[in-house]
Amino acid sequence: RDIGVDAEGVIPEKVSRVGVVGAGLMGSGIAAACARRGLPTTMVDVEEKALGAGLGRIQEVIASRIRIGRATPEDMASALALLSTSTTPANVAGSDVVIEAVVEREEVKRELYQRMKQHLGPNTILASNTSTIAISTLAESAPSPERFVGMHFFNPVDRMALVEVIRGKETSDQTVATIVALAKRIKKTPIVVRDCAGFLVNRVLFPYLSEAVLLWLEGAAMDDVDRCATSFGMPMGPFLLHDVVGLDTAFYASGVMNQAYPDRSVKLDVLADLVKAGHLGQKTGRGFRKHEGRKRKPSA
Ligand code: NAI
């Protein structure tokens with residue numbers, strides 16, 4: 001147990017309103033998780049179309065829970081009543097916590113933080129859902145490094161309980177404690193980890209994913225690799241997982257890992273090739289695999 005990392009014993013701040021920036025795969029899932037647990041939530045995206053698609057995904061998730069008896073139509077109504085959407089970043093003003101879930105590109109995130117400075121109150125916590133970029137690096141552009149932290153959800157957000165809370169060099173105890181409490185309030189299981197590229201989970205996951213792709217490049221069948229992975233207990237195999245994550249996101253995240261760990265991470269040109277060809281995974285109907293009839297509306 002890493003005493004001092006998890007800010008145990010520190011009283012969390014009250015969170016009454018949440019803002020989510022980025023309404024893609026993750027942002028919409030995070031906004032849904034907050035609204036479903038009674039938190040007024042504003043979801044912002046640069047693209048009107050992405051907001052519509054994000055809202056559609058949220059309704060789909062709650063509707064599927066209603067179908068299996070795990071939610072009621074009233075739950076749907078109350079979650080939607082707590083959710084608002086906007087293309088204006090200023091509309092997250094008044095949130096106690098703003099969770100950033102825009103594309104996995106450092107320059108986009110940094111530029112967004114700079115622009116958001118004017119909209120965030122002095123007491124607002126800014127949390128990034130980045131999968132790989134070190135929090136202390138992004139903190140350089142954050143309005144307040146003490147009130148900046150990683151809050152890394154997993155995909156699909158409605159089914160994955162884990163949330164990594166990443167403490168940057170300057171993140172305060174109060175910020176960590178508040179994000180841990182927020183994660184628990186929305187029924188997630190937070191773990192507090194130290195900062196480095198890929199944090200804990202993706203440092204372990206990326207070598208697994210890239211070795212699977214190497215096996216395929218060396219002649220193994222994707223189906224066999226995915227089937228083996230599920231047979232030893234993974235919820236899905238590495239190729240399907242790539243496609244669910246999105247190959248664009250996987251490509252950007254791999255770039256971060258390649259740069260951070262050049263001695264032991266693999267640069268997979270096939271990812272760049274698939275992205276260039278527009279095969280982004282489930283969201284476009286094709287990635288490593290084909291997803292007939294499963295194509296989701298692109299979020300942007
Ligand atoms: P996505 O591509 O589905 O969504 C990104 C959204 O951000 C798009 O709707 C886009 O219009 C919007 N956006 C881009 N620039 C913006 C800006 N300046 N202001 C407002 N909105 C902007 O991507 P996804 O998969 O949701 O990933 C988002 C973040 O979550 C990334 O940092 C990614 O690494 C991380 N993440 C992704 C996971 C996954 O499985 N896809 C899992 C865990 C974390």
# chains A, B, ... in the order shown; residues from 1 in each chain; ligands from 1
>>> select_by_dssp(residues="stretch 61-286 of chain A", states="helix (DSSP H, G or I)", output="JSON, numbers by chain")
{"A": [61, 62, 63, 64, 65, 66, 67, 73, 74, 75, 76, 77, 78, 79, 80, 81, 82, 89, 90, 91, 92, 106, 107, 108, 109, 110, 111, 112, 113, 114, 115, 116, 135, 136, 137, 138, 139, 140, 141, 145, 146, 147, 173, 174, 175, 176, 177, 178, 179, 180, 181, 182, 183, 184, 185, 201, 202, 203, 204, 205, 206, 207, 208, 209, 210, 211, 212, 213, 214, 215, 216, 217, 222, 223, 224, 225, 226, 227, 228, 229, 230, 231, 238, 239, 240, 241, 242, 243, 244, 245, 247, 248, 249, 250, 251, 252, 253, 254, 255, 256, 257, 258, 259, 260, 269, 270, 271, 272, 273, 274, 275, 276, 282, 283, 284]}
>>> residues_near_ligand(ligand="ligand 1", cutoff="8 Å", atoms="only C-alpha atoms and all ligand atoms", output="number ranges by chain")
A: 21-28, 44-47, 50-51, 54, 87, 89, 100-105, 108-109, 111-112, 128-132, 152-156, 244-246, 248-250, 252-253, 298-300
>>> residues_around(residues="A:Ala177", least_positions_apart="6", cutoff="8 Å", atoms="only C-alpha atoms", output="list in words")
Asp6, Ala7, Glu8, Val10, Ile11, Pro12 and Glu13 of chain A
>>> write_last_selection(atoms="C-alpha atoms", output="short mmCIF file (atom, residue, chain, number, x, y, z; two decimals), in the first residue's frame")
data_model
loop_
_atom_site.label_atom_id
_atom_site.label_comp_id
_atom_site.auth_asym_id
_atom_site.auth_seq_id
_atom_site.Cartn_x
_atom_site.Cartn_y
_atom_site.Cartn_z
CA ASP A 6 -3.73 7.93 -2.16
CA ALA A 7 -4.42 10.95 0.08
CA GLU A 8 -6.26 8.80 2.59
CA VAL A 10 -7.99 14.02 3.49
CA ILE A 11 -11.53 15.39 3.35
CA PRO A 12 -12.77 15.57 -0.25
CA GLU A 13 -14.40 18.68 -1.64
#
>>> residues_around(residues="A:Ala90", least_positions_apart="6", cutoff="9 Å", atoms="only C-alpha atoms", output="JSON, numbers by chain")
{"A": [116, 118, 119, 120]}
>>> write_last_selection(atoms="N, CA and C atoms", output="PDB file, in the first residue's frame")
ATOM      1  N   MET A 116      -9.325  26.968 -21.820  1.00  0.00           N
ATOM      2  CA  MET A 116     -10.311  26.796 -20.755  1.00  0.00           C
ATOM      3  C   MET A 116      -9.984  27.615 -19.510  1.00  0.00           C
ATOM      4  N   GLN A 118      -9.830  30.636 -18.881  1.00  0.00           N
ATOM      5  CA  GLN A 118     -10.751  31.750 -18.599  1.00  0.00           C
ATOM      6  C   GLN A 118     -12.129  31.275 -18.117  1.00  0.00           C
ATOM      7  N   HIS A 119     -12.451  30.006 -18.376  1.00  0.00           N
ATOM      8  CA  HIS A 119     -13.800  29.547 -18.019  1.00  0.00           C
ATOM      9  C   HIS A 119     -13.856  28.806 -16.684  1.00  0.00           C
ATOM     10  N   LEU A 120     -12.694  28.367 -16.190  1.00  0.00           N
ATOM     11  CA  LEU A 120     -12.711  27.552 -14.968  1.00  0.00           C
ATOM     12  C   LEU A 120     -12.528  28.431 -13.741  1.00  0.00           C
TER      13      LEU A 120
END
>>> closest_residue(among="A:Cys196, A:Val97, A:Leu55, A:Cys228", to="A:Lys14", atoms="only C-alpha atoms")
A:Val97
>>> closest_residue(among="A:Met234, A:Ala272, A:Val92, A:Met43", to="A:Thr124", atoms="only C-alpha atoms")
A:Val92
>>> residues_around(residues="stretch 180-184 of chain A", least_positions_apart="4", cutoff="12 Å", atoms="only C-alpha atoms", output="NGL selection string")
:A and (5-18 or 30 or 33-34 or 37-39 or 96-99 or 125 or 127 or 149-153 or 157 or 161-167 or 173-176 or 188-193)
>>> closest_residue(among="A:Asp158, A:Glu106, A:Glu211, A:Glu48", to="A:Ala197", atoms="only C-alpha atoms")
A:Glu106
